[in-house]
$ cat data_11.pdb   # PDB, C-alpha atoms and all ligand atoms
ATOM      1  CA  MET A   1     103.503  38.950  59.557
ATOM      2  CA  PRO A   2     101.988  41.966  57.826
ATOM      3  CA  ARG A   3      98.527  42.856  58.938
ATOM      4  CA  LEU A   4      96.533  43.722  55.858
ATOM      5  CA  THR A   5      93.484  45.915  55.655
ATOM      6  CA  SER A   6      91.572  45.687  52.418
ATOM      7  CA  ALA A   7      88.460  46.822  50.652
ATOM      8  CA  ALA A   8      86.927  45.915  47.324
ATOM      9  CA  ALA A   9      84.235  47.394  45.127
ATOM     10  CA  THR A  10      82.821  46.570  41.739
ATOM     11  CA  HIS A  11      80.342  48.214  39.375
ATOM     12  CA  PRO A  12      79.021  47.223  35.935
ATOM     13  CA  GLY A  13      79.698  50.749  34.725
ATOM     14  CA  LEU A  14      77.289  52.901  32.750
ATOM     15  CA  VAL A  15      77.369  51.100  29.397
ATOM     16  CA  ARG A  16      77.592  47.335  29.936
ATOM     17  CA  ALA A  17      74.513  45.366  30.975
ATOM     18  CA  ALA A  18      76.436  42.651  32.819
ATOM     19  CA  ASN A  19      79.457  42.665  35.080
ATOM     20  CA  GLU A  20      81.983  40.037  33.952
ATOM     21  CA  ASP A  21      84.654  41.113  36.437
ATOM     22  CA  ALA A  22      85.332  38.975  39.479
ATOM     23  CA  PHE A  23      87.484  39.537  42.532
ATOM     24  CA  HIS A  24      88.694  37.836  45.674
ATOM     25  CA  GLU A  25      89.329  39.855  48.793
ATOM     26  CA  GLY A  26      90.772  37.375  51.242
ATOM     27  CA  THR A  27      93.196  37.602  54.140
ATOM     28  CA  TYR A  28      96.337  36.777  52.125
ATOM     29  CA  VAL A  29      94.998  36.482  48.581
ATOM     30  CA  LEU A  30      93.672  39.459  46.651
ATOM     31  CA  ALA A  31      92.740  39.137  43.009
ATOM     32  CA  VAL A  32      90.923  40.783  40.137
ATOM     33  CA  ALA A  33      89.831  38.980  36.967
ATOM     34  CA  ASP A  34      88.117  40.471  33.929
ATOM     35  CA  GLY A  35      86.258  37.992  31.767
ATOM     36  CA  VAL A  36      85.688  38.172  28.036
ATOM     37  CA  GLY A  37      83.514  35.930  25.910
ATOM     38  CA  GLY A  38      79.954  35.349  24.811
ATOM     39  CA  LEU A  39      77.082  33.438  26.428
ATOM     40  CA  SER A  40      78.160  34.513  29.932
ATOM     41  CA  ALA A  41      81.392  32.568  29.402
ATOM     42  CA  GLY A  42      83.555  35.543  30.328
ATOM     43  CA  ASP A  43      81.728  35.785  33.613
ATOM     44  CA  ARG A  44      82.366  32.104  34.306
ATOM     45  CA  ALA A  45      86.012  32.357  33.243
ATOM     46  CA  SER A  46      86.730  35.258  35.605
ATOM     47  CA  ARG A  47      85.016  33.430  38.471
ATOM     48  CA  LEU A  48      87.011  30.270  37.754
ATOM     49  CA  ALA A  49      90.235  32.279  37.855
ATOM     50  CA  VAL A  50      89.633  33.899  41.223
ATOM     51  CA  GLY A  51      88.006  30.727  42.566
ATOM     52  CA  ALA A  52      91.149  28.708  41.867
ATOM     53  CA  LEU A  53      93.121  31.047  44.166
ATOM     54  CA  THR A  54      90.864  30.907  47.202
ATOM     55  CA  ALA A  55      92.473  27.702  48.504
ATOM     56  CA  LEU A  56      95.765  29.610  48.869
ATOM     57  CA  ASP A  57      94.282  32.020  51.389
ATOM     58  CA  GLU A  58      96.255  30.834  54.425
ATOM     59  CA  PRO A  59      99.436  32.059  56.153
ATOM     60  CA  ARG A  60     102.491  30.557  54.454
ATOM     61  CA  PRO A  61     106.199  31.211  54.054
ATOM     62  CA  TYR A  62     106.970  32.851  50.744
ATOM     63  CA  GLU A  63     108.832  29.838  49.354
ATOM     64  CA  GLN A  64     105.655  27.758  49.416
ATOM     65  CA  ILE A  65     103.556  30.322  47.608
ATOM     66  CA  GLU A  66     105.107  30.347  44.152
ATOM     67  CA  PRO A  67     104.542  26.664  43.245
ATOM     68  CA  LEU A  68     101.036  26.800  44.707
ATOM     69  CA  LEU A  69     100.107  29.965  42.841
ATOM     70  CA  ARG A  70     101.514  28.674  39.559
ATOM     71  CA  ALA A  71      99.532  25.455  40.019
ATOM     72  CA  ALA A  72      96.343  27.375  40.842
ATOM     73  CA  VAL A  73      96.670  29.542  37.743
ATOM     74  CA  GLU A  74      97.252  26.419  35.656
ATOM     75  CA  THR A  75      94.190  24.804  37.220
ATOM     76  CA  ALA A  76      92.084  27.836  36.335
ATOM     77  CA  ASN A  77      93.337  27.741  32.769
ATOM     78  CA  GLN A  78      92.495  24.035  32.488
ATOM     79  CA  GLN A  79      89.029  24.625  33.908
ATOM     80  CA  ILE A  80      88.439  27.292  31.291
ATOM     81  CA  ALA A  81      89.548  24.811  28.608
ATOM     82  CA  GLU A  82      87.097  22.247  29.984
ATOM     83  CA  GLN A  83      84.301  24.805  29.981
ATOM     84  CA  LEU A  84      85.001  25.647  26.338
ATOM     85  CA  ASN A  85      85.223  21.967  25.340
ATOM     86  CA  ALA A  86      81.948  21.196  27.097
ATOM     87  CA  ASP A  87      80.092  23.949  25.266
ATOM     88  CA  PRO A  88      81.487  24.604  21.775
ATOM     89  CA  ALA A  89      78.763  27.207  21.185
ATOM     90  CA  ILE A  90      80.697  29.573  23.434
ATOM     91  CA  GLY A  91      83.358  29.973  20.783
ATOM     92  CA  SER A  92      86.107  31.577  22.792
ATOM     93  CA  ALA A  93      86.272  32.929  26.300
ATOM     94  CA  GLY A  94      88.961  33.983  28.658
ATOM     95  CA  THR A  95      89.905  36.134  31.560
ATOM     96  CA  THR A  96      92.614  38.401  32.806
ATOM     97  CA  LEU A  97      94.042  37.718  36.230
ATOM     98  CA  THR A  98      96.028  40.035  38.446
ATOM     99  CA  ALA A  99      96.622  38.661  41.927
ATOM    100  CA  LEU A 100      98.693  39.289  45.021
ATOM    101  CA  VAL A 101      99.425  36.509  47.488
ATOM    102  CA  PHE A 102     101.008  37.778  50.702
ATOM    103  CA  SER A 103     103.354  35.580  52.704
ATOM    104  CA  ASP A 104     103.783  35.520  56.469
ATOM    105  CA  ASP A 105     107.122  37.340  56.159
ATOM    106  CA  HIS A 106     106.656  40.707  54.422
ATOM    107  CA  ARG A 107     106.763  39.402  50.910
ATOM    108  CA  ALA A 108     104.142  38.921  48.266
ATOM    109  CA  LEU A 109     103.953  37.215  44.912
ATOM    110  CA  LEU A 110     102.309  39.101  42.086
ATOM    111  CA  ALA A 111     100.774  37.131  39.227
ATOM    112  CA  HIS A 112      99.562  38.923  36.131
ATOM    113  CA  VAL A 113      98.163  38.160  32.712
ATOM    114  CA  GLY A 114      96.003  40.502  30.646
ATOM    115  CA  ASP A 115      95.115  44.155  31.057
ATOM    116  CA  SER A 116      94.029  44.364  34.652
ATOM    117  CA  ARG A 117      96.573  46.253  36.735
ATOM    118  CA  CYS A 118      98.453  46.392  40.005
ATOM    119  CA  TYR A 119      99.582  49.743  41.369
ATOM    120  CA  ARG A 120     101.619  50.396  44.489
ATOM    121  CA  LEU A 121     101.630  53.512  46.633
ATOM    122  CA  ARG A 122     104.857  53.791  48.617
ATOM    123  CA  ALA A 123     106.191  56.904  50.325
ATOM    124  CA  GLY A 124     103.885  59.158  48.351
ATOM    125  CA  GLN A 125     104.719  57.710  44.953
ATOM    126  CA  VAL A 126     102.396  55.566  42.857
ATOM    127  CA  ASP A 127     103.905  53.032  40.466
ATOM    128  CA  GLN A 128     102.199  50.610  38.120
ATOM    129  CA  LEU A 129     103.751  47.201  38.833
ATOM    130  CA  THR A 130     102.188  45.419  35.875
ATOM    131  CA  THR A 131     102.470  45.931  32.149
ATOM    132  CA  ASP A 132      99.288  45.606  30.122
ATOM    133  CA  ASP A 133      99.278  42.607  27.793
ATOM    134  CA  THR A 134      97.708  44.667  25.041
ATOM    135  CA  PHE A 135      98.302  45.520  21.429
ATOM    136  CA  VAL A 136      98.642  49.225  22.196
ATOM    137  CA  GLN A 137     101.163  48.588  24.997
ATOM    138  CA  MET A 138     103.214  46.647  22.453
ATOM    139  CA  LEU A 139     103.062  49.666  20.138
ATOM    140  CA  VAL A 140     104.166  51.928  23.007
ATOM    141  CA  GLU A 141     107.140  49.677  23.753
ATOM    142  CA  LEU A 142     108.079  49.648  20.076
ATOM    143  CA  GLY A 143     108.011  53.434  20.151
ATOM    144  CA  ALA A 144     105.290  53.542  17.502
ATOM    145  CA  ILE A 145     102.846  55.510  19.665
ATOM    146  CA  SER A 146     102.994  57.426  22.931
ATOM    147  CA  ALA A 147     101.315  56.369  26.169
ATOM    148  CA  GLU A 148      98.872  59.259  25.639
ATOM    149  CA  GLN A 149      98.008  58.010  22.156
ATOM    150  CA  ALA A 150      97.512  54.499  23.549
ATOM    151  CA  HIS A 151      94.796  55.772  25.871
ATOM    152  CA  ASP A 152      92.530  56.801  22.979
ATOM    153  CA  HIS A 153      93.743  54.313  20.382
ATOM    154  CA  PRO A 154      90.903  52.610  18.442
ATOM    155  CA  GLN A 155      92.476  49.202  19.085
ATOM    156  CA  ARG A 156      93.125  49.765  22.776
ATOM    157  CA  SER A 157      90.771  46.936  23.790
ATOM    158  CA  ILE A 158      92.816  44.215  22.064
ATOM    159  CA  VAL A 159      94.334  42.079  24.815
ATOM    160  CA  THR A 160      97.236  39.918  23.690
ATOM    161  CA  ARG A 161      97.380  37.487  26.592
ATOM    162  CA  VAL A 162      94.657  36.043  28.812
ATOM    163  CA  LEU A 163      93.754  32.742  30.430
ATOM    164  CA  ARG A 164      91.687  31.094  27.721
ATOM    165  CA  GLY A 165      92.415  27.415  28.107
ATOM    166  CA  GLU A 166      95.623  27.505  26.089
ATOM    167  CA  PRO A 167      99.267  27.663  27.133
ATOM    168  CA  VAL A 168     100.095  31.219  28.164
ATOM    169  CA  GLU A 169     102.999  33.016  29.751
ATOM    170  CA  VAL A 170     101.951  34.519  33.065
ATOM    171  CA  TYR A 171     104.098  37.223  34.659
ATOM    172  CA  TYR A 172     105.225  36.578  38.234
ATOM    173  CA  ALA A 173     107.126  38.982  40.456
ATOM    174  CA  GLU A 174     108.324  38.781  44.029
ATOM    175  CA  LEU A 175     107.522  41.926  45.992
ATOM    176  CA  LEU A 176     109.161  42.975  49.234
ATOM    177  CA  THR A 177     106.388  44.739  51.076
ATOM    178  CA  GLU A 178     106.984  47.659  53.381
ATOM    179  CA  PRO A 179     104.887  48.902  56.249
ATOM    180  CA  SER A 180     102.365  51.447  54.970
ATOM    181  CA  ASP A 181     102.540  50.169  51.380
ATOM    182  CA  ARG A 182      99.184  50.365  49.632
ATOM    183  CA  TYR A 183      98.374  48.154  46.662
ATOM    184  CA  LEU A 184      95.579  48.559  44.155
ATOM    185  CA  LEU A 185      94.348  45.807  41.879
ATOM    186  CA  CYS A 186      91.890  46.949  39.241
ATOM    187  CA  SER A 187      90.235  45.897  36.035
ATOM    188  CA  ASP A 188      90.820  48.029  32.934
ATOM    189  CA  GLY A 189      87.512  49.802  33.483
ATOM    190  CA  LEU A 190      89.337  52.067  35.948
ATOM    191  CA  PRO A 191      92.241  53.292  33.785
ATOM    192  CA  ALA A 192      89.892  53.419  30.786
ATOM    193  CA  ALA A 193      87.869  56.072  32.592
ATOM    194  CA  ALA A 194      90.294  57.759  34.981
ATOM    195  CA  ALA A 195      93.757  59.098  34.184
ATOM    196  CA  ASP A 196      96.743  57.751  36.078
ATOM    197  CA  ASP A 197      97.218  61.015  37.959
ATOM    198  CA  ARG A 198      93.583  60.891  39.109
ATOM    199  CA  ILE A 199      94.030  57.296  40.324
ATOM    200  CA  ALA A 200      97.252  58.290  42.080
ATOM    201  CA  ALA A 201      95.617  61.293  43.715
ATOM    202  CA  ILE A 202      92.840  59.155  45.206
ATOM    203  CA  LEU A 203      95.270  56.470  46.396
ATOM    204  CA  THR A 204      97.420  59.125  48.033
ATOM    205  CA  ALA A 205      94.739  61.322  49.571
ATOM    206  CA  GLU A 206      92.264  58.857  51.069
ATOM    207  CA  PRO A 207      93.691  56.869  53.990
ATOM    208  CA  ASP A 208      90.649  54.647  54.516
ATOM    209  CA  ALA A 209      90.701  51.617  52.204
ATOM    210  CA  THR A 210      86.919  51.357  51.908
ATOM    211  CA  ARG A 211      86.448  55.026  51.066
ATOM    212  CA  CYS A 212      89.400  54.825  48.691
ATOM    213  CA  ALA A 213      87.804  51.905  46.814
ATOM    214  CA  ASP A 214      84.491  53.756  46.629
ATOM    215  CA  GLN A 215      86.170  56.916  45.323
ATOM    216  CA  LEU A 216      87.975  54.952  42.620
ATOM    217  CA  ILE A 217      84.648  53.507  41.447
ATOM    218  CA  GLU A 218      83.140  57.003  41.508
ATOM    219  CA  ALA A 219      86.043  58.279  39.416
ATOM    220  CA  ALA A 220      85.432  55.543  36.827
ATOM    221  CA  LEU A 221      81.736  56.428  36.666
ATOM    222  CA  ALA A 222      82.521  60.144  36.459
ATOM    223  CA  GLY A 223      84.741  59.265  33.500
ATOM    224  CA  GLY A 224      81.797  57.710  31.696
ATOM    225  CA  GLY A 225      81.926  54.203  33.174
ATOM    226  CA  PRO A 226      82.598  52.656  29.753
ATOM    227  CA  ASP A 227      83.333  49.203  31.160
ATOM    228  CA  ASN A 228      82.889  47.038  34.211
ATOM    229  CA  VAL A 229      85.153  48.351  36.949
ATOM    230  CA  THR A 230      86.545  46.476  39.919
ATOM    231  CA  VAL A 231      89.038  47.664  42.506
ATOM    232  CA  VAL A 232      90.732  45.949  45.433
ATOM    233  CA  VAL A 233      92.701  48.210  47.791
ATOM    234  CA  VAL A 234      95.165  46.609  50.219
ATOM    235  CA  ASP A 235      96.958  48.440  53.011
ATOM    236  CA  CYS A 236      99.912  46.920  54.839
ATOM    237  CA  ALA A 237      99.800  47.885  58.498
ATOM    238  CA  PRO A 238     102.493  50.186  59.851
ATOM    239  CA  LEU A 239     105.041  48.517  62.145
ATOM    240  CA  SER A 240     103.964  50.730  65.029
ATOM    241  CA  ASP A 241     100.467  49.219  65.073
TER     242      ASP A 241
HETATM  243 CA    CA A 301      87.175  45.114  31.112
END

$ encode --input "data_11.pdb" --output "structure tokens"
Amino acid sequence: MPRLTSAAATHPGLVRAANEDAFHEGTYVLAVADGVGGLSAGDRASRLAVGALTALDEPRPYEQIEPLLRAAVETANQQIAEQLNADPAIGSAGTTLTALVFSDDHRALLAHVGDSRCYRLRAGQVDQLTTDDTFVQMLVELGAISAEQAHDHPQRSIVTRVLRGEPVEVYYAELLTEPSDRYLLCSDGLPAAAADDRIAAILTAEPDATRCADQLIEAALAGGGPDNVTVVVVDCAPLSD
């Protein structure tokens, strides 16, 4: 069973009055959710999303995780629908969700919808394991704009897929974890303010998960803190430990 060390940090940023991000930093379940919507509904939606995953936070073989995680995500989506039905004044609300559920056998299931992200540091290389469900990412994939242009695009905040009480396709991926892997879950407030190479440099240089999380928040604030920012850093223990 992998022994995980984790740390999480969140900050409203320097522009937004409220923090509508939510996270769960459990033993086996790590998640970030970024809520959108008026009347504090985004805040409630992101909390519903991470709250629905907390019951999964127990050691399990990988095969049991996928149906449970899919059901939990569906439950969260239904709860958001109920919240919207109960209070039509909200209009619309939703949340991203990017979550990792680790099994007891060196595997993990990644679930992702929206523009929060999961990165992995392995053997000195940082890879983004999720694809943003955004309008600008779609343009990048169509070849209409470059990744650099996407970063400053006026419509970069348009998210094409979130949990908002309607049927939605959620991305799931099985990960084979390796000793000394490091995973980062973050809301879009981090990449909005810090370039990928800056994020990678911090993930690579700072071995301590807590200090790493703090430095990522500092990097987002140094980049203007335009949005709420939440980070969850997870280290898999080396085999020798
Ligand atoms: Ca955000």

$ resolve_selection --input "data_11.pdb" --expression "the PyMOL selection byres (((not hetatm)) within 7 of (chain A and resi 301))" --output "list in words"
Asp34, Ser187, Asp188, Gly189, Asp227, Asn228 and Val229 of chain A

$ write_last_selection --input "data_11.pdb" --atoms "C-alpha atoms" --output "short mmCIF file (atom, residue, chain, number, x, y, z; two decimals), in the frame of the given file"
data_model
loop_
_atom_site.label_atom_id
_atom_site.label_comp_id
_atom_site.auth_asym_id
_atom_site.auth_seq_id
_atom_site.Cartn_x
_atom_site.Cartn_y
_atom_site.Cartn_z
CA ASP A 34 88.12 40.47 33.93
CA SER A 187 90.24 45.90 36.03
CA ASP A 188 90.82 48.03 32.93
CA GLY A 189 87.51 49.80 33.48
CA ASP A 227 83.33 49.20 31.16
CA ASN A 228 82.89 47.04 34.21
CA VAL A 229 85.15 48.35 36.95
#

$ atom_distance --input "data_11.pdb" --atom1 "atom CA of A:Asp235" --atom2 "atom CA of A:Arg3"
8.3 Å

$ closest_residue --input "data_11.pdb" --among "A:Thr5, A:His11, A:Leu68, A:Ser116" --to "A:Ile217" --atoms "all atoms listed in the file"
A:His11

$ atom_distance --input "data_11.pdb" --atom1 "atom CA of A:Val170" --atom2 "atom CA of A:Gly26"
21.5 Å

$ resolve_selection --input "data_11.pdb" --expression "the PyMOL selection byres (((chain A and resi 108) around 12) and not hetatm)" --output "ChimeraX atom specification"
/A:1-2,4,28-30,59-66,69,99-107,109-111,172-178,181,183,234,236

$ resolve_selection --input "data_11.pdb" --expression "the PyMOL selection byres (((chain A and resi 44) around 9) and not hetatm)" --output "list of chain:residue names"
A:Glu20, A:Gly35, A:Ser40, A:Ala41, A:Gly42, A:Asp43, A:Ala45, A:Ser46, A:Arg47, A:Leu48, A:Ala49, A:Ile80, A:Gln83, A:Ala93, A:Gly94, A:Thr95

$ closest_residue --input "data_11.pdb" --among "A:Ala55, A:Val32, A:Ile90, A:Ala17" --to "A:Arg164" --atoms "only C-alpha atoms"
A:Ile90

$ closest_residue --input "data_11.pdb" --among "A:Arg70, A:Arg120, A:His24, A:His112" --to "A:Thr10" --atoms "only C-alpha atoms"
A:His24

$ atom_distance --input "data_11.pdb" --atom1 "atom CA of A:Thr210" --atom2 "atom CA of A:Val232"
9.3 Å
